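The structure file input-v9.pdb is reproduced below (PDB, C-alpha atoms).
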MODEL        1
ATOM      1  CA  MET A   6      34.132  28.105  15.507
ATOM      2  CA  THR A   7      32.704  25.050  13.801
ATOM      3  CA  GLY A   8      29.061  25.741  13.051
ATOM      4  CA  GLN A   9      29.373  29.328  14.311
ATOM      5  CA  SER A  10      30.863  31.376  11.490
ATOM      6  CA  ARG A  11      30.060  34.595  13.358
ATOM      7  CA  VAL A  12      32.547  33.741  16.154
ATOM      8  CA  VAL A  13      36.293  33.906  15.487
ATOM      9  CA  PHE A  14      39.458  33.818  17.554
ATOM     10  CA  LEU A  15      41.252  37.046  16.628
ATOM     11  CA  LYS A  16      44.904  36.189  17.159
ATOM     12  CA  PRO A  17      45.300  34.057  13.969
ATOM     13  CA  LEU A  18      43.589  36.755  11.870
ATOM     14  CA  ILE A  19      45.706  39.762  12.850
ATOM     15  CA  GLU A  20      48.335  40.843  10.323
ATOM     16  CA  SER A  21      49.114  44.410  11.391
ATOM     17  CA  GLU A  22      52.199  44.957  13.536
ATOM     18  CA  LYS A  23      50.212  47.633  15.346
ATOM     19  CA  ILE A  24      47.692  45.158  16.770
ATOM     20  CA  GLU A  25      48.466  42.468  19.356
ATOM     21  CA  VAL A  26      45.796  40.039  20.563
ATOM     22  CA  GLY A  27      46.197  37.257  23.104
ATOM     23  CA  GLU A  28      45.112  33.652  22.821
ATOM     24  CA  TYR A  29      41.409  32.747  23.029
ATOM     25  CA  THR A  30      40.174  36.319  22.671
ATOM     26  CA  TYR A  31      37.200  36.186  20.322
ATOM     27  CA  TYR A  32      35.006  38.487  18.272
ATOM     28  CA  ASP A  33      31.338  37.800  17.532
ATOM     29  CA  ASP A  34      29.831  39.401  14.423
ATOM     30  CA  PRO A  35      27.130  37.956  12.155
ATOM     31  CA  ASP A  36      28.283  39.954   9.138
ATOM     32  CA  ALA A  37      32.073  40.245   8.975
ATOM     33  CA  ALA A  38      33.768  38.587  11.928
ATOM     34  CA  THR A  39      36.973  37.883   9.995
ATOM     35  CA  GLU A  40      37.340  41.560   9.011
ATOM     36  CA  PHE A  41      37.887  42.860  12.541
ATOM     37  CA  GLU A  42      41.275  44.376  11.741
ATOM     38  CA  GLU A  43      39.904  46.423   8.841
ATOM     39  CA  ARG A  44      36.456  47.333  10.185
ATOM     40  CA  ASN A  45      36.908  47.644  13.945
ATOM     41  CA  VAL A  46      40.341  49.210  14.444
ATOM     42  CA  LEU A  47      39.876  52.674  12.993
ATOM     43  CA  TYR A  48      42.288  55.499  12.078
ATOM     44  CA  ALA A  49      45.420  53.508  12.872
ATOM     45  CA  TYR A  50      47.637  55.833  10.866
ATOM     46  CA  GLY A  51      50.291  56.538  13.473
ATOM     47  CA  PRO A  52      52.760  54.401  15.436
ATOM     48  CA  GLU A  53      50.355  53.764  18.321
ATOM     49  CA  LYS A  54      49.453  50.151  19.054
ATOM     50  CA  LEU A  55      46.351  48.304  20.154
ATOM     51  CA  ARG A  56      47.062  45.541  22.663
ATOM     52  CA  ILE A  57      44.316  43.144  23.784
ATOM     53  CA  GLY A  58      44.943  40.388  26.321
ATOM     54  CA  ARG A  59      43.780  36.791  26.583
ATOM     55  CA  TYR A  60      40.272  35.387  27.009
ATOM     56  CA  CYS A  61      38.507  38.626  26.097
ATOM     57  CA  ALA A  62      34.973  38.578  24.630
ATOM     58  CA  LEU A  63      34.160  41.238  22.025
ATOM     59  CA  ALA A  64      30.552  41.589  20.918
ATOM     60  CA  ALA A  65      29.546  42.817  17.469
ATOM     61  CA  GLY A  66      30.298  46.478  16.887
ATOM     62  CA  THR A  67      33.181  46.751  19.342
ATOM     63  CA  ARG A  68      35.381  49.451  17.838
ATOM     64  CA  PHE A  69      38.720  50.922  18.786
ATOM     65  CA  ILE A  70      39.358  54.500  17.686
ATOM     66  CA  MET A  71      43.092  54.995  17.325
ATOM     67  CA  ALA A  72      45.119  58.183  17.761
ATOM     68  CA  GLY A  73      45.134  58.905  14.019
ATOM     69  CA  ALA A  74      41.574  60.182  14.441
ATOM     70  CA  ASP A  75      42.736  63.180  16.478
ATOM     71  CA  HIS A  76      42.584  66.679  14.977
ATOM     72  CA  PRO A  77      44.711  69.625  16.150
ATOM     73  CA  MET A  78      42.935  71.876  18.629
ATOM     74  CA  VAL A  79      45.594  74.551  19.102
ATOM     75  CA  GLY A  80      43.720  77.268  17.237
ATOM     76  CA  VAL A  81      40.277  78.277  16.074
ATOM     77  CA  SER A  82      39.590  75.444  13.614
ATOM     78  CA  THR A  83      39.976  71.683  13.852
ATOM     79  CA  PHE A  84      39.709  71.248  10.045
ATOM     80  CA  PRO A  85      42.584  68.985   8.844
ATOM     81  CA  PHE A  86      43.882  71.152   5.972
ATOM     82  CA  ALA A  87      47.129  69.172   5.687
ATOM     83  CA  ILE A  88      45.580  65.896   4.526
ATOM     84  CA  PHE A  89      44.423  67.509   1.274
ATOM     85  CA  GLY A  90      47.947  68.313   0.070
ATOM     86  CA  GLY A  91      49.171  71.254  -1.962
ATOM     87  CA  ASP A  92      49.498  74.665  -0.404
ATOM     88  CA  TRP A  93      47.310  73.611   2.511
ATOM     89  CA  ALA A  94      49.708  70.836   3.472
ATOM     90  CA  GLU A  95      52.768  73.017   3.019
ATOM     91  CA  ALA A  96      51.341  75.632   5.347
ATOM     92  CA  THR A  97      49.928  73.350   8.053
ATOM     93  CA  LEU A  98      51.614  69.917   8.035
ATOM     94  CA  ASP A  99      53.820  70.785  11.003
ATOM     95  CA  ILE A 100      50.733  71.531  13.085
ATOM     96  CA  VAL A 101      49.327  68.062  12.397
ATOM     97  CA  MET A 102      52.669  66.377  13.012
ATOM     98  CA  ASN A 103      53.029  68.075  16.387
ATOM     99  CA  VAL A 104      49.693  66.894  17.798
ATOM    100  CA  GLU A 105      50.477  65.162  21.093
ATOM    101  CA  SER A 106      49.754  61.452  20.862
ATOM    102  CA  ARG A 107      47.428  59.809  23.366
ATOM    103  CA  GLY A 108      49.600  56.696  23.174
ATOM    104  CA  ASP A 109      48.788  53.018  22.877
ATOM    105  CA  THR A 110      45.410  51.507  23.689
ATOM    106  CA  THR A 111      45.705  48.586  26.106
ATOM    107  CA  VAL A 112      43.102  46.025  27.103
ATOM    108  CA  GLY A 113      43.801  43.531  29.871
ATOM    109  CA  ASN A 114      42.652  39.920  30.102
ATOM    110  CA  ASP A 115      39.160  38.476  30.590
ATOM    111  CA  VAL A 116      37.459  41.718  29.522
ATOM    112  CA  TRP A 117      33.900  41.598  28.159
ATOM    113  CA  PHE A 118      32.870  44.237  25.624
ATOM    114  CA  GLY A 119      29.121  44.539  25.073
ATOM    115  CA  TYR A 120      27.379  45.277  21.783
ATOM    116  CA  ASN A 121      28.439  48.457  19.952
ATOM    117  CA  THR A 122      31.064  49.666  22.405
ATOM    118  CA  THR A 123      33.610  52.299  21.428
ATOM    119  CA  ILE A 124      37.064  52.629  22.951
ATOM    120  CA  MET A 125      38.825  55.960  22.449
ATOM    121  CA  PRO A 126      42.581  56.428  21.868
ATOM    122  CA  GLY A 127      45.112  55.838  24.620
ATOM    123  CA  VAL A 128      42.700  54.157  27.038
ATOM    124  CA  THR A 129      43.737  51.305  29.361
ATOM    125  CA  VAL A 130      41.049  48.769  30.307
ATOM    126  CA  GLY A 131      41.969  46.638  33.303
ATOM    127  CA  ASP A 132      41.712  42.867  33.695
ATOM    128  CA  GLY A 133      38.234  41.467  34.341
ATOM    129  CA  ALA A 134      36.389  44.661  33.404
ATOM    130  CA  ILE A 135      32.975  44.720  31.743
ATOM    131  CA  ILE A 136      32.087  47.391  29.168
ATOM    132  CA  ALA A 137      28.306  47.765  28.888
ATOM    133  CA  SER A 138      26.579  47.808  25.507
ATOM    134  CA  GLY A 139      26.781  51.184  23.789
ATOM    135  CA  ALA A 140      29.436  52.544  26.140
ATOM    136  CA  VAL A 141      31.971  55.082  24.887
ATOM    137  CA  VAL A 142      35.136  54.618  26.928
ATOM    138  CA  THR A 143      37.115  57.852  27.107
ATOM    139  CA  ALA A 144      39.190  57.193  30.249
ATOM    140  CA  ASP A 145      40.991  54.289  31.911
ATOM    141  CA  VAL A 146      38.885  51.497  33.400
ATOM    142  CA  SER A 147      39.969  49.838  36.657
ATOM    143  CA  PRO A 148      40.333  46.054  36.890
ATOM    144  CA  TYR A 149      37.005  44.308  37.544
ATOM    145  CA  ALA A 150      34.960  47.490  37.106
ATOM    146  CA  ILE A 151      31.672  47.593  35.192
ATOM    147  CA  VAL A 152      31.332  50.783  33.145
ATOM    148  CA  GLY A 153      28.592  52.148  30.914
ATOM    149  CA  GLY A 154      27.293  55.296  29.266
ATOM    150  CA  ASN A 155      28.732  58.086  27.107
ATOM    151  CA  PRO A 156      31.219  58.950  28.382
ATOM    152  CA  ALA A 157      31.499  55.668  30.271
ATOM    153  CA  LYS A 158      31.344  55.876  34.060
ATOM    154  CA  THR A 159      31.800  53.196  36.698
ATOM    155  CA  ILE A 160      28.477  51.530  37.480
ATOM    156  CA  ARG A 161      29.901  49.281  40.150
ATOM    157  CA  ARG A 162      32.889  47.147  40.980
ATOM    158  CA  ARG A 163      32.602  43.389  40.601
ATOM    159  CA  PHE A 164      34.672  42.656  43.717
ATOM    160  CA  ASP A 165      36.190  44.519  46.653
ATOM    161  CA  ASP A 166      39.856  45.543  46.805
ATOM    162  CA  ALA A 167      41.003  42.375  48.547
ATOM    163  CA  ASP A 168      39.332  40.075  46.034
ATOM    164  CA  VAL A 169      40.612  42.098  43.084
ATOM    165  CA  GLU A 170      44.124  41.727  44.459
ATOM    166  CA  ARG A 171      43.587  37.964  44.842
ATOM    167  CA  LEU A 172      42.430  37.691  41.243
ATOM    168  CA  LEU A 173      45.273  39.786  39.852
ATOM    169  CA  ARG A 174      47.776  37.701  41.788
ATOM    170  CA  ALA A 175      46.178  34.478  40.554
ATOM    171  CA  ALA A 176      46.067  35.732  36.933
ATOM    172  CA  TRP A 177      44.213  32.634  35.744
ATOM    173  CA  TRP A 178      44.523  33.767  32.113
ATOM    174  CA  ASP A 179      48.256  33.050  32.306
ATOM    175  CA  TRP A 180      47.793  29.482  33.542
ATOM    176  CA  PRO A 181      48.674  26.626  31.178
ATOM    177  CA  VAL A 182      45.632  25.887  29.059
ATOM    178  CA  GLU A 183      45.457  22.373  30.531
ATOM    179  CA  LEU A 184      44.995  23.877  33.997
ATOM    180  CA  VAL A 185      42.400  26.325  32.678
ATOM    181  CA  THR A 186      40.534  23.388  31.143
ATOM    182  CA  GLU A 187      40.700  21.433  34.389
ATOM    183  CA  HIS A 188      39.303  24.339  36.390
ATOM    184  CA  ALA A 189      37.016  25.966  33.814
ATOM    185  CA  ARG A 190      33.968  25.497  36.036
ATOM    186  CA  THR A 191      35.723  27.109  38.988
ATOM    187  CA  ILE A 192      36.864  30.007  36.796
ATOM    188  CA  MET A 193      33.286  30.607  35.656
ATOM    189  CA  ALA A 194      31.400  29.992  38.895
ATOM    190  CA  GLY A 195      33.906  29.986  41.742
ATOM    191  CA  SER A 196      34.921  32.767  44.114
ATOM    192  CA  PRO A 197      38.119  34.819  44.024
ATOM    193  CA  ALA A 198      39.320  32.719  46.955
ATOM    194  CA  ASP A 199      38.754  29.550  44.913
ATOM    195  CA  ILE A 200      40.808  30.914  42.030
ATOM    196  CA  ALA A 201      43.540  32.077  44.389
ATOM    197  CA  ALA A 202      43.696  28.621  45.946
ATOM    198  CA  VAL A 203      44.250  26.935  42.586
ATOM    199  CA  ALA A 204      47.010  29.397  41.727
ATOM    200  CA  ALA A 205      48.676  28.851  45.115
ATOM    201  CA  ASP A 206      48.455  25.063  44.812
ATOM    202  CA  HIS A 207      50.344  25.201  41.519
ATOM    203  CA  GLY A 208      52.840  27.907  42.472
ATOM    204  CA  LEU A 209      51.355  30.352  39.961
ATOM    205  CA  GLU A 210      50.689  33.386  42.129
ATOM    206  CA  ARG A 211      52.433  36.547  40.974
ATOM    207  CA  ALA A 212      53.316  39.867  42.535
ATOM    208  CA  VAL A 213      50.888  42.734  41.992
TER     209      VAL A 213
ENDMDL
END
Please re-express this file's structure in structure tokens.
Amino acid sequence: MTGQSRVVFLKPLIESEKIEVGEYTYYDDPDAATEFEERNVLYAYGPEKLRIGRYCALAAGTRFIMAGADHPMVGVSTFPFAIFGGDWAEATLDIVMNVESRGDTTVGNDVWFGYNTTIMPGVTVGDGAIIASGAVVTADVSPYAIVGGNPAKTIRRRFDDADVERLLRAAWWDWPVELVTEHARTIMAGSPADIAAVAADHGLERAV
């Protein structure tokens, strides 16, 4: 951003085929905002992908631990003998290669990550969720839930089931950017019913 070097849109900066980021998702970091891919997506050694949706806000220190961080736990020790090569690798590489993957990490749209949050491998974070500062997310997060702690637990839900369904059907993050611009105030301060009405008026509601 002009005059705000600590704030960057991530999509134009991503080079790895293992990372997908939607439009307008930003990262805020006073030290190395442009180095998100190298500093904040950790242990991405395997085929697993990180997918982040549109209009997400990532505070400084948001980190995604990928499945490459896992160690085998089938026996007594979790020490990764194989990575050191030689006889150790020859004797144990198959154990490492057969560790069950936790799969891709997926973040929905309009998700806010607080300062110094950590997302563990294979987690899905739903649309509209809020991850409190310092949270360690070890399990899936429902759409429009607020979670915090280590391991992160649901603190409360932002809306009831009916309103969550309205918002997921409206999916404002998929609207043309011109429509988002026109209704930015409603998106920030309006009710789920207000958002649903805009989507309905423009034929943009989707099945959930």
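When the PyMOL selection byres ((chain A and resi 169) around 12) is evaluated on the file shown here, the picked residues come out as A:Gly131, A:Asp132, A:Gly133, A:Ala134, A:Ser147, A:Pro148, A:Tyr149, A:Ala150, A:Arg162, A:Arg163, A:Phe164, A:Asp165, A:Asp166, A:Ala167, A:Asp168, A:Glu170, A:Arg171, A:Leu172, A:Leu173, A:Arg174, A:Ala175, A:Ala176, A:Ser196, A:Pro197, A:Ala198, A:Ile200, A:Ala201, A:Val213.
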Counting all atoms listed in the file, what is within 12 Å of Asn45 in chain A, bar same-chain residues fewer than 4 positions away, as a VMD selection string? chain A and resid 15 19 24 32 to 34 37 to 41 49 55 63 to 71 121 to 124
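Here CA of Leu209 in chain A is placed at a distance of 28.9 Å from CA of Lys54 in chain A.
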Please write as a ChimeraX atom specification the full residue list that the PyMOL selection byres ((chain A and resi 136-142) around 7) yields on this file. /A:117-125,134-135,143-144,151-157
Could you write out as a PyMOL selection string the residues that the PyMOL selection byres ((chain A and resi 58) around 12) matches in the shown file? chain A and resi 15-16+24-31+55-57+59-63+110-117+129-134+176+178-179
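Minimum distance to Trp177 in chain A across A:His207, A:Arg11, A:Lys23, A:His76 (counting all atoms listed in the file) occurs at A:His207.
For the pair CA of Glu20 in chain A and CA of Thr7 in chain A, the interatomic distance is 22.5 Å.
Atom pair CA of Gly127 in chain A / CA of Tyr50 in chain A: separated by 14.0 Å.
For Gly73 in chain A, the residues within 12 Å (counting only C-alpha atoms, excluding itself and residues fewer than 5 positions away along the chain) are Val46, Leu47, Tyr48, Ala49, Tyr50, Gly51, Pro52, Glu53, Lys54, Pro85, Ile88, Val101, Met102, Val104, Glu105, Ser106, Arg107, Gly108, Asp109, Met125, Pro126 and Gly127 of chain A.
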For range 197-211 of chain A, I'd like the enclosing box, axis-aligned and padded by 6 Å on every side, reported as JSON with centre and edge lengths in Å to one decimal.
{"center_x": 45.5, "center_y": 30.8, "center_z": 43.5, "size_x": 26.7, "size_y": 23.5, "size_z": 19.0}
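Here the question is which of A:Arg211, A:Ala194, A:Ala74, A:Asp199 gets nearest to Trp180 in chain A using all atoms listed in the file, and that residue is A:Arg211.
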